[in-house]
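Student: File data-v5.cif below, mmCIF, C-alpha atoms:
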```cif
data_protein
#
loop_
_atom_site.label_atom_id
_atom_site.label_comp_id
_atom_site.auth_asym_id
_atom_site.auth_seq_id
_atom_site.Cartn_x
_atom_site.Cartn_y
_atom_site.Cartn_z
CA LYS A 2 18.28 10.40 6.12
CA ASN A 3 20.45 8.08 4.12
CA SER A 4 19.06 5.38 1.86
CA GLU A 5 20.72 2.60 3.83
CA LYS A 6 18.92 3.54 7.03
CA LEU A 7 15.63 4.04 5.17
CA MET A 8 16.00 0.61 3.54
CA LYS A 9 16.57 -0.98 6.95
CA TRP A 10 13.52 0.79 8.40
CA ALA A 11 11.30 -0.20 5.47
CA GLU A 12 11.72 -3.93 6.26
CA PHE A 13 11.12 -5.21 2.73
CA PRO A 14 11.02 -9.03 2.80
CA ASP A 15 12.91 -9.10 -0.53
CA VAL A 16 14.83 -6.52 -2.49
CA LEU A 17 12.77 -6.43 -5.68
CA THR A 18 13.61 -3.53 -7.97
CA PHE A 19 12.60 -2.21 -11.38
CA GLU A 20 15.85 -3.63 -12.83
CA ASN A 21 14.29 -7.10 -12.85
CA PHE A 22 10.67 -6.04 -13.34
CA ARG A 23 9.65 -7.34 -16.78
CA LEU A 24 7.50 -4.58 -18.22
CA GLU A 25 7.14 -6.41 -21.55
CA GLU A 26 5.50 -9.35 -19.80
CA GLN A 27 2.72 -7.08 -18.63
CA THR A 28 0.04 -6.57 -21.23
CA ALA A 29 -1.78 -3.75 -19.54
CA ILE A 30 0.69 -1.49 -17.80
CA GLY A 31 2.51 0.55 -20.36
CA GLU A 32 5.68 2.50 -19.99
CA LYS A 33 3.65 5.69 -19.72
CA GLN A 34 1.71 4.53 -16.64
CA LEU A 35 4.85 3.17 -15.04
CA ASN A 36 6.64 6.47 -15.59
CA ILE A 37 3.77 8.35 -13.98
CA LEU A 38 4.01 6.05 -10.95
CA LYS A 39 7.79 6.56 -10.85
CA GLN A 40 7.36 10.34 -10.66
CA LEU A 41 5.93 9.76 -7.17
CA SER A 42 3.66 12.82 -7.19
CA TRP A 43 0.92 10.41 -6.04
CA VAL A 44 2.95 9.89 -2.85
CA ASP A 45 2.97 13.64 -2.19
CA GLU A 46 -0.77 13.70 -2.86
CA CYS A 47 -1.41 10.84 -0.38
CA PHE A 48 -2.95 8.57 -3.00
CA THR A 49 -3.88 4.96 -2.31
CA LEU A 50 -2.89 2.34 -4.88
CA ILE A 51 -4.80 -0.90 -4.48
CA MET A 52 -3.11 -3.80 -6.26
CA MET A 53 -5.52 -6.65 -6.67
CA GLY A 54 -5.02 -10.12 -8.04
CA PRO A 55 -3.91 -13.68 -7.35
CA THR A 56 -0.73 -14.70 -5.54
CA GLY A 57 2.32 -14.66 -7.76
CA ALA A 58 0.94 -12.15 -10.25
CA GLY A 59 3.57 -9.54 -9.42
CA LYS A 60 1.78 -7.27 -6.92
CA THR A 61 4.51 -7.53 -4.30
CA HIS A 62 7.25 -6.99 -6.88
CA LEU A 63 5.67 -3.80 -8.22
CA SER A 64 4.86 -2.44 -4.75
CA THR A 65 8.37 -3.20 -3.44
CA ALA A 66 10.04 -1.72 -6.54
CA LEU A 67 8.01 1.47 -6.10
CA GLY A 68 8.92 1.55 -2.41
CA ILE A 69 12.65 1.17 -3.10
CA HIS A 70 12.43 3.78 -5.87
CA ALA A 71 10.77 6.18 -3.37
CA ILE A 72 13.52 5.55 -0.80
CA LYS A 73 16.16 6.45 -3.39
CA ARG A 74 14.34 9.76 -3.76
CA GLY A 75 14.50 10.34 -0.01
CA TYR A 76 11.00 9.23 1.02
CA GLN A 77 10.47 7.15 4.15
CA VAL A 78 8.67 3.89 3.36
CA SER A 79 7.29 1.02 5.47
CA PHE A 80 6.44 -2.41 4.13
CA ILE A 81 4.31 -4.63 6.38
CA SER A 82 1.78 -7.43 5.96
CA MET A 83 -1.71 -6.77 7.33
CA ASP A 84 -1.27 -9.58 9.90
CA ARG A 85 1.97 -8.09 11.15
CA LEU A 86 0.49 -4.59 11.22
CA ILE A 87 -2.36 -5.78 13.44
CA TYR A 88 0.17 -7.49 15.72
CA VAL A 89 2.17 -4.24 15.95
CA LEU A 90 -0.98 -2.24 16.69
CA LYS A 91 -1.99 -4.71 19.41
CA SER A 92 1.39 -4.97 21.08
CA ARG A 93 2.87 -1.47 20.72
CA GLU A 94 1.84 -0.54 24.29
CA TYR A 95 3.97 -3.20 25.92
CA ILE A 96 6.56 -4.48 23.40
CA SER A 97 9.28 -1.94 22.66
CA LYS A 98 10.09 -3.46 19.26
CA SER A 99 6.46 -2.98 18.21
CA ARG A 100 6.46 0.56 19.57
CA THR A 101 9.56 1.44 17.51
CA ARG A 102 8.07 -0.15 14.40
CA TYR A 103 4.78 1.68 14.92
CA LYS A 104 6.57 5.03 15.19
CA ARG A 105 8.50 4.36 11.97
CA ILE A 106 5.34 3.32 10.14
CA THR A 107 3.44 6.43 11.24
CA LYS A 108 6.31 8.67 10.12
CA SER A 109 6.42 7.09 6.66
CA ASP A 110 5.51 8.94 3.48
CA LEU A 111 4.40 5.65 1.92
CA ILE A 112 2.97 2.64 3.75
CA ILE A 113 2.78 -0.61 1.81
CA ILE A 114 0.38 -3.11 3.40
CA ASP A 115 0.78 -6.53 1.83
CA ASP A 116 -1.85 -9.28 1.83
CA VAL A 117 -4.78 -7.16 2.93
CA MET A 118 -7.82 -9.29 3.90
CA TYR A 119 -5.88 -12.51 3.65
CA MET A 120 -8.17 -14.03 6.25
CA ALA A 121 -11.13 -13.13 8.48
CA TYR A 122 -10.36 -10.77 11.36
CA GLU A 123 -11.69 -10.50 14.89
CA PRO A 124 -13.85 -7.41 15.51
CA GLN A 125 -11.22 -5.81 17.76
CA ASP A 126 -8.52 -6.36 15.11
CA ALA A 127 -10.75 -4.85 12.44
CA HIS A 128 -11.28 -1.81 14.67
CA LEU A 129 -7.56 -1.39 15.26
CA PHE A 130 -6.99 -1.53 11.50
CA PHE A 131 -9.72 1.03 10.91
CA GLN A 132 -8.36 3.38 13.57
CA PHE A 133 -4.92 3.16 11.98
CA ILE A 134 -6.26 3.92 8.48
CA TYR A 135 -8.37 6.74 9.89
CA GLU A 136 -5.39 8.34 11.62
CA MET A 137 -3.04 7.96 8.65
CA TYR A 138 -5.11 8.40 5.53
CA ASP A 139 -4.45 12.07 4.93
CA LYS A 140 -0.85 12.02 6.13
CA THR A 141 0.59 9.27 3.98
CA ALA A 142 0.23 7.40 0.69
CA PHE A 143 -0.73 3.73 0.77
CA ILE A 144 -0.17 0.73 -1.45
CA LEU A 145 -2.41 -2.19 -0.49
CA THR A 146 -2.01 -5.58 -2.13
CA SER A 147 -4.86 -8.07 -1.88
CA ASN A 148 -6.16 -11.15 -3.61
CA LYS A 149 -9.70 -9.91 -2.85
CA GLY A 150 -11.46 -6.95 -4.40
CA PRO A 151 -12.57 -4.15 -2.04
CA SER A 152 -16.18 -5.28 -2.53
CA GLU A 153 -15.30 -8.51 -0.68
CA TRP A 154 -13.48 -6.89 2.23
CA GLY A 155 -16.62 -6.65 4.38
CA LYS A 156 -16.71 -10.42 4.75
CA PHE A 157 -13.21 -10.41 6.24
CA LEU A 158 -13.75 -7.51 8.62
CA GLY A 159 -17.13 -8.87 9.66
CA ASP A 160 -18.52 -5.35 9.87
CA PRO A 161 -20.08 -3.77 6.77
CA THR A 162 -20.32 -0.32 8.37
CA LEU A 163 -16.67 -0.35 9.36
CA THR A 164 -15.65 -1.62 5.92
CA THR A 165 -17.58 1.19 4.22
CA ALA A 166 -15.87 3.70 6.49
CA ILE A 167 -12.41 2.27 5.70
CA LEU A 168 -13.11 2.23 1.98
CA ASP A 169 -14.47 5.77 2.02
CA ARG A 170 -11.13 6.90 3.41
CA LEU A 171 -8.93 4.74 1.23
CA LEU A 172 -10.79 5.17 -2.04
CA HIS A 173 -11.09 8.93 -1.69
CA ARG A 174 -7.92 9.36 -3.79
CA SER A 175 -7.13 6.02 -5.28
CA GLU A 176 -6.29 3.84 -8.22
CA ILE A 177 -7.16 0.19 -8.46
CA LEU A 178 -4.61 -1.87 -10.38
CA THR A 179 -5.95 -5.25 -11.38
CA PHE A 180 -3.43 -8.02 -11.93
CA ASN A 181 -4.90 -10.57 -14.23
CA GLU A 182 -3.72 -14.13 -13.81
CA GLU A 183 -4.70 -15.45 -17.26
CA GLN A 184 -2.30 -13.04 -18.88
CA GLY A 185 0.09 -13.19 -15.97
CA SER A 186 -0.16 -9.46 -16.22
CA ILE A 187 -1.06 -6.25 -14.56
CA ARG A 188 -4.10 -4.50 -15.84
CA MET A 189 -4.17 -0.92 -14.77
CA LYS A 190 -7.55 0.65 -14.73
CA TYR A 191 -6.50 4.16 -13.98
CA ARG A 192 -9.07 6.74 -13.23
CA LYS A 193 -8.27 9.90 -15.06
CA ALA A 194 -7.36 11.72 -11.87
CA LEU A 195 -3.76 10.57 -11.88
CA PHE A 196 -3.03 11.65 -15.44
CA ASP A 197 -5.12 14.71 -15.92
CA LYS A 198 -4.39 17.59 -13.56
CA GLN A 199 -7.63 19.42 -14.47
CA SER A 200 -9.71 16.57 -13.15
CA VAL A 201 -7.74 16.62 -9.90
CA GLU A 202 -8.39 20.32 -9.39
CA SER A 203 -11.99 20.48 -10.46
#
```
As structure tokens, how would this structure be written, given the file I've shared?

Tutor:
Amino acid sequence: KNSEKLMKWAEFPDVLTFENFRLEEQTAIGEKQLNILKQLSWVDECFTLIMMGPTGAGKTHLSTALGIHAIKRGYQVSFISMDRLIYVLKSREYISKSRTRYKRITKSDLIIIDDVMYMAYEPQDAHLFFQFIYEMYDKTAFILTSNKGPSEWGKFLGDPTLTTAILDRLLHRSEILTFNEEQGSIRMKYRKALFDKQSVES
């Protein structure tokens, strides 16, 4: 598949690449971590990256840049906000555009869900989201951006049991990247798993 088609399918709202990503303005993500992310082995391993922090801190830029970088390496990527995803899940049975989008998303190697838990969700929406995560979590890598930490997600899904189930899936192989507003920076609290192959295999 050519990059042009993959870019069209990804539906990035903006073309944000590493060319204009200011690494030196980030105090906590070093070149080494960025290079590990750029190797994309975490995509093959179906990792989840959770990028947490306030609006404007650079979460969408980093997630989009990684998505575009993955497309250049031949991966299929989908970028969608959580609201839009829920709309697609709800309407895919009867709106052909949603059905097409859903098929592309489910065939992606990397799914970027932007603005996770932006607002409170109806129980049926929360269930649709859970079902989607459940079906996809071992077949694809995820990047989720959110201004809420996973510990707060229960309030937005209105169902602690469901939230625990979603988090169990998503956090099974994951890294949480915390974007810190005071520094206007990304703080990456990597667990060792991504760097140290022994810990992955043990």

Student: Would you pick out the contacts of Leu41 (chain A) at 9 Å or less, using only C-alpha atoms, so that residues sharing its chain but fewer than 4 positions from it are not included, and give the list as a PDB file with C-alpha atoms, in the frame of the given file?

Tutor:
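The resulting file, out_19.pdb, is reproduced below:
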```pdb
ATOM      1  CA  ILE A  37       3.770   8.350 -13.980  1.00  0.00           C
ATOM      2  CA  ASP A  45       2.970  13.640  -2.190  1.00  0.00           C
ATOM      3  CA  GLU A  46      -0.770  13.700  -2.860  1.00  0.00           C
ATOM      4  CA  LEU A  67       8.010   1.470  -6.100  1.00  0.00           C
ATOM      5  CA  HIS A  70      12.430   3.780  -5.870  1.00  0.00           C
ATOM      6  CA  ALA A  71      10.770   6.180  -3.370  1.00  0.00           C
TER       7      ALA A  71
END
```

Student: If I take CA of Glu20 (chain A) and CA of Glu5 (chain A), how far is one from the other in Å, to one decimal?

Tutor: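 Here the two named atoms are 18.4 Å from each other.
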
Student: Using the chain letters and numbers from the file, which residues does the PyMOL selection byres ((chain A and resi 78) around 6) grab, as JSON, numbers by chain?

Tutor: {"A": [11, 77, 79, 109, 110, 111, 112]}

Student: When the PyMOL selection byres ((chain A and resi 155) around 10) is applied to the file above, which residues end up in the set, as a VMD selection string?

Tutor: chain A and resid 118 121 151 to 154 156 to 165 167 to 168

Student: For a test of reading the model, state the distance in Å between CA of Lys60 (chain A) and CA of Asn181 (chain A), rounded to one decimal.

Tutor: 10.4 Å

Student: List as a VMD selection string the protein and nucleic acid residues near Leu17 (chain A), meaning an atom at most 7 Å away when only C-alpha atoms are counted, but skip any in the same chain fewer than 5 places from it.

Tutor: chain A and resid 62 65 to 66

Student: Evaluate the PyMOL selection byres ((chain A and resi 147) around 12) on the structure here and hand back the selected residues as JSON, numbers by chain.

Tutor: {"A": [50, 51, 52, 53, 54, 55, 56, 57, 58, 59, 60, 61, 64, 82, 83, 113, 114, 115, 116, 117, 118, 119, 120, 144, 145, 146, 148, 149, 150, 151, 152, 153, 154, 157, 177, 178, 179, 180]}

Student: Kindly indicate which residue among A:Phe48, A:Phe80, A:Phe19, A:Tyr103 lies nearest to Arg170 (chain A), using all atoms listed in the file for the distances.

Tutor: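 For Arg170 (chain A), the nearest of the candidates is A:Phe48.
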
Student: At what distance in Å, to one decimal, does CA of Ile72 (chain A) lie from CA of Lys9 (chain A)?

Tutor: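 CA of Ile72 (chain A) lies at a distance of 10.6 Å from CA of Lys9 (chain A).
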
Student: With distances taken over only C-alpha atoms, which residue among A:Lys73, A:Arg174, A:Lys33, A:Lys91 lies nearest Phe133 (chain A)?

Tutor: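 Closest residue, counting only C-alpha atoms: A:Lys91.
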
Student: Rank A:Asp84, A:Glu32, A:Glu176, A:Glu12 by their smallest atom-to-atom distance to Leu129 (chain A), using only C-alpha atoms, and report the top residue only.

Tutor: A:Asp84

Student: So, with only C-alpha atoms as the atoms that count, which of A:Ala166, A:Leu86, A:Leu63, A:Leu171 lies closest to Ala142 (chain A)?

Tutor: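 Selected residue with least distance to Ala142 (chain A): A:Leu171.
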
Student: Taking all atoms of region 77-96 of chain A that the file lists, what box with edges along x, y and z, padded by 6 Å per side, do you get, with centre and edge lengths in Å to one decimal, as JSON?

Tutor:
```
{"center_x": 4.1, "center_y": -1.2, "center_z": 14.6, "size_x": 24.8, "size_y": 28.7, "size_z": 34.6}
```

Student: Name the closest residue to Asn3 (chain A) among the candidates A:Tyr76, A:Ile96, A:His128, A:Met137; distances are taken between atoms, counting all atoms listed in the file.

Tutor: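 Of A:Tyr76, A:Ile96, A:His128, A:Met137, the one nearest Asn3 (chain A) is A:Tyr76, counting all atoms listed in the file.
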
Student: Could you pull the residues within 12 Å of Val89 (chain A), counting all atoms listed in the file, minus those fewer than 4 positions along the same chain, as a list of chain:residue names?

Tutor: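 Final neighbour list, sorted by chain and number: A:Ile81, A:Ser82, A:Met83, A:Asp84, A:Arg85, A:Arg93, A:Glu94, A:Tyr95, A:Ile96, A:Ser97, A:Lys98, A:Ser99, A:Arg100, A:Thr101, A:Arg102, A:Tyr103, A:Lys104, A:Arg105, A:Ile106, A:Thr107, A:Asp126, A:Leu129, A:Phe130, A:Phe133.
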
Student: Store the residues of this selection in a file with C-alpha atoms, as a compact mmCIF listing (two decimals), in the frame of the given file.

Tutor:
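This went into again-v3.txt:
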```txt
# COMPACT_ATOMS: atom_id res chain seq x y z
CA ILE A 81 4.31 -4.63 6.38
CA SER A 82 1.78 -7.43 5.96
CA MET A 83 -1.71 -6.77 7.33
CA ASP A 84 -1.27 -9.58 9.90
CA ARG A 85 1.97 -8.09 11.15
CA ARG A 93 2.87 -1.47 20.72
CA GLU A 94 1.84 -0.54 24.29
CA TYR A 95 3.97 -3.20 25.92
CA ILE A 96 6.56 -4.48 23.40
CA SER A 97 9.28 -1.94 22.66
CA LYS A 98 10.09 -3.46 19.26
CA SER A 99 6.46 -2.98 18.21
CA ARG A 100 6.46 0.56 19.57
CA THR A 101 9.56 1.44 17.51
CA ARG A 102 8.07 -0.15 14.40
CA TYR A 103 4.78 1.68 14.92
CA LYS A 104 6.57 5.03 15.19
CA ARG A 105 8.50 4.36 11.97
CA ILE A 106 5.34 3.32 10.14
CA THR A 107 3.44 6.43 11.24
CA ASP A 126 -8.52 -6.36 15.11
CA LEU A 129 -7.56 -1.39 15.26
CA PHE A 130 -6.99 -1.53 11.50
CA PHE A 133 -4.92 3.16 11.98
```
